[in-house]
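Comments concern the structure below.
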Amino acid sequence: GALIFWDVESGQAILLIETDSGPLLDVAANPEGTLLVTTGIDGKIRLWPVGPSAHHTTPPLLVEYAEHKGAVLAIAFSPTGDQIASGGSNNEVRIWDTETGSTQRIVNRRADGSEQSVVENLGRILSIDYRHDGMELLCRTINQGVLTWDLKSGSILRHFSFYEARDVVFHPSQGAVAAAIQGGIGISVNDSTKSSTYINNAHHDWTIAVDFSP
């Protein structure tokens, strides 16, 4: 797999990351823009240095996480950058320590560490994102649709109606959620004062990816 970084102003490629692990499936940068994490079909998560000194050659690999079984389809840094959340094809949502590469917890497992899922049969995890305060984790799952976890208690907070969404993301400063759905974008607003969902039918076919501006 290969990943290319481009300079927005010049349009020139400034960094190339190549691996021999097959296609790359997702990528995320830490809040400071100094680290990049990639996922692939080999089930491994790789952490790379990036920044002002980036150049065309592949940078040295910092950490490799290899506790998922099967492909890792979704990845996200926490707002503080000290954690990474990942979701794969094996019904698991993991939280990693960025520095050591060790698993801190499996979100959809019971607090006592038992192997029984809190939510049975999530299926593949297609998309994942942290809320701006780091307290809630958003996931798009194949079998259970779109839901969020309270990362303090481990309980499910919200369950959305976007069952066929291709991508999901939190608003950068609120609790609103956007989903890439067939024919457009679904927006769900759910806070202390209101709860509503609306659809923007801006596309004629499937929307593959969605994001809020900063």
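Identifiers in this document derive from the order of the structure tokens: chains are assigned A, B, ..., residues are numbered from 1 separately in each chain, and ligands are numbered from 1 in order of occurrence.
Surrounding region 146-161 of chain A within 8 Å are A:Val107, A:Asn108, A:Arg110, A:Ala111, A:Gly134, A:Met135, A:Glu136, A:Leu137, A:Leu138, A:Cys139, A:Arg140, A:Val168, A:Ser188, with only C-alpha atoms counted and residues fewer than 6 positions along the same chain left out.
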Open item on the list: For Phe77 (chain A), find every residue with an atom within 8 Å (counting only C-alpha atoms), except residues of its own chain fewer than 4 positions away, and show them as number ranges by chain.
Closed with: A: 28-31, 81-85, 129-130
- [ ] Could you please write out, as a PyMOL selection string, every residue of region 1-210 of chain A that DSSP assigns to strand (DSSP E or B)?
- [x] chain A and resi 2-6+13-18+24-29+35-40+45-49+63-65+72-77+83-88+93-97+103-106+109+117+125-130+136-141+145-150+156-160+167-170+177-182+184-190+195-200+206
Task: Atom-to-atom span, CA of Ser127 (chain A) and CA of Pro60 (chain A), Å - done: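 We find that CA of Ser127 (chain A) and CA of Pro60 (chain A) lie 26.9 Å from each other.
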TODO: For Glu164 (chain A), list every protein, DNA or RNA residue within 12 Å, evaluated using only C-alpha atoms, and leave out those in the same chain fewer than 6 positions away; present the list as a ChimeraX atom specification.
DONE: /A:126-127,140-146,179-186,206-208
Output file for the selection above: N, CA and C atoms, as a PDB file, in the first residue's frame:
```pdb
ATOM      1  N   LEU A 126     -16.834  -0.076  10.336  1.00  0.00           N
ATOM      2  CA  LEU A 126     -16.487   0.612   9.099  1.00  0.00           C
ATOM      3  C   LEU A 126     -15.956   2.025   9.310  1.00  0.00           C
ATOM      4  N   SER A 127     -16.341   2.670  10.406  1.00  0.00           N
ATOM      5  CA  SER A 127     -15.933   4.058  10.641  1.00  0.00           C
ATOM      6  C   SER A 127     -15.925   4.318  12.135  1.00  0.00           C
ATOM      7  N   ARG A 140     -19.576   3.203  13.226  1.00  0.00           N
ATOM      8  CA  ARG A 140     -20.501   2.655  12.243  1.00  0.00           C
ATOM      9  C   ARG A 140     -20.204   1.172  12.140  1.00  0.00           C
ATOM     10  N   THR A 141     -21.167   0.352  12.526  1.00  0.00           N
ATOM     11  CA  THR A 141     -21.001  -1.096  12.509  1.00  0.00           C
ATOM     12  C   THR A 141     -21.910  -1.710  11.448  1.00  0.00           C
ATOM     13  N   ILE A 142     -21.506  -2.847  10.926  1.00  0.00           N
ATOM     14  CA  ILE A 142     -22.285  -3.509   9.893  1.00  0.00           C
ATOM     15  C   ILE A 142     -23.627  -4.003  10.428  1.00  0.00           C
ATOM     16  N   ASN A 143     -23.620  -4.626  11.601  1.00  0.00           N
ATOM     17  CA  ASN A 143     -24.826  -5.299  12.088  1.00  0.00           C
ATOM     18  C   ASN A 143     -25.671  -4.479  13.049  1.00  0.00           C
ATOM     19  N   GLN A 144     -25.072  -3.481  13.702  1.00  0.00           N
ATOM     20  CA  GLN A 144     -25.806  -2.708  14.703  1.00  0.00           C
ATOM     21  C   GLN A 144     -25.984  -1.249  14.316  1.00  0.00           C
ATOM     22  N   GLY A 145     -25.627  -0.892  13.096  1.00  0.00           N
ATOM     23  CA  GLY A 145     -25.812   0.485  12.655  1.00  0.00           C
ATOM     24  C   GLY A 145     -24.819   1.439  13.289  1.00  0.00           C
ATOM     25  N   VAL A 146     -25.247   2.663  13.529  1.00  0.00           N
ATOM     26  CA  VAL A 146     -24.391   3.715  14.076  1.00  0.00           C
ATOM     27  C   VAL A 146     -24.727   3.908  15.552  1.00  0.00           C
ATOM     28  N   ALA A 179     -23.427  11.669   8.831  1.00  0.00           N
ATOM     29  CA  ALA A 179     -23.279  10.339   8.248  1.00  0.00           C
ATOM     30  C   ALA A 179     -23.374  10.418   6.737  1.00  0.00           C
ATOM     31  N   ALA A 180     -22.497   9.687   6.057  1.00  0.00           N
ATOM     32  CA  ALA A 180     -22.555   9.574   4.601  1.00  0.00           C
ATOM     33  C   ALA A 180     -23.537   8.473   4.252  1.00  0.00           C
ATOM     34  N   ILE A 181     -24.642   8.834   3.621  1.00  0.00           N
ATOM     35  CA  ILE A 181     -25.713   7.884   3.350  1.00  0.00           C
ATOM     36  C   ILE A 181     -26.068   7.900   1.860  1.00  0.00           C
ATOM     37  N   GLN A 182     -26.998   7.055   1.471  1.00  0.00           N
ATOM     38  CA  GLN A 182     -27.404   7.015   0.075  1.00  0.00           C
ATOM     39  C   GLN A 182     -28.133   8.306  -0.294  1.00  0.00           C
ATOM     40  N   GLY A 183     -27.611   8.980  -1.316  1.00  0.00           N
ATOM     41  CA  GLY A 183     -28.248  10.179  -1.819  1.00  0.00           C
ATOM     42  C   GLY A 183     -27.878  11.460  -1.120  1.00  0.00           C
ATOM     43  N   GLY A 184     -27.038  11.414  -0.077  1.00  0.00           N
ATOM     44  CA  GLY A 184     -26.703  12.664   0.585  1.00  0.00           C
ATOM     45  C   GLY A 184     -26.012  12.483   1.912  1.00  0.00           C
ATOM     46  N   ILE A 185     -26.314  13.386   2.843  1.00  0.00           N
ATOM     47  CA  ILE A 185     -25.685  13.418   4.158  1.00  0.00           C
ATOM     48  C   ILE A 185     -26.769  13.486   5.216  1.00  0.00           C
ATOM     49  N   GLY A 186     -26.663  12.643   6.222  1.00  0.00           N
ATOM     50  CA  GLY A 186     -27.577  12.695   7.354  1.00  0.00           C
ATOM     51  C   GLY A 186     -26.929  13.408   8.520  1.00  0.00           C
ATOM     52  N   TRP A 206     -24.609   6.899  -3.696  1.00  0.00           N
ATOM     53  CA  TRP A 206     -24.067   6.769  -2.345  1.00  0.00           C
ATOM     54  C   TRP A 206     -23.022   7.839  -2.050  1.00  0.00           C
ATOM     55  N   THR A 207     -23.096   8.440  -0.883  1.00  0.00           N
ATOM     56  CA  THR A 207     -22.037   9.305  -0.367  1.00  0.00           C
ATOM     57  C   THR A 207     -21.046   8.403   0.373  1.00  0.00           C
ATOM     58  N   ILE A 208     -19.786   8.451   0.023  1.00  0.00           N
ATOM     59  CA  ILE A 208     -18.791   7.533   0.568  1.00  0.00           C
ATOM     60  C   ILE A 208     -18.130   8.072   1.830  1.00  0.00           C
TER      61      ILE A 208
END
```
- [ ] Point out the residue among A:Thr103, A:Thr80, A:Ser21, A:Gln12 with the least atom-to-atom distance to Asp42 (chain A), counting only C-alpha atoms.
- [x]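 Of A:Thr103, A:Thr80, A:Ser21, A:Gln12, the one nearest Asp42 (chain A), counting only C-alpha atoms, is A:Ser21.
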TODO: Have a look at CA of Ile106 (chain A) and CA of Val37 (chain A) and let me know their distance in Å, one decimal.
DONE: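 Spanning CA of Ile106 (chain A) to CA of Val37 (chain A) is a straight-line distance of 18.7 Å.
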Open item on the list: Given only C-alpha atoms as the basis, pick out the residue of A:Asn91, A:Thr19, A:Pro79, A:Thr58 nearest to Phe170 (chain A).
Closed with: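 Under the stated criterion, the closest residue is A:Pro79.
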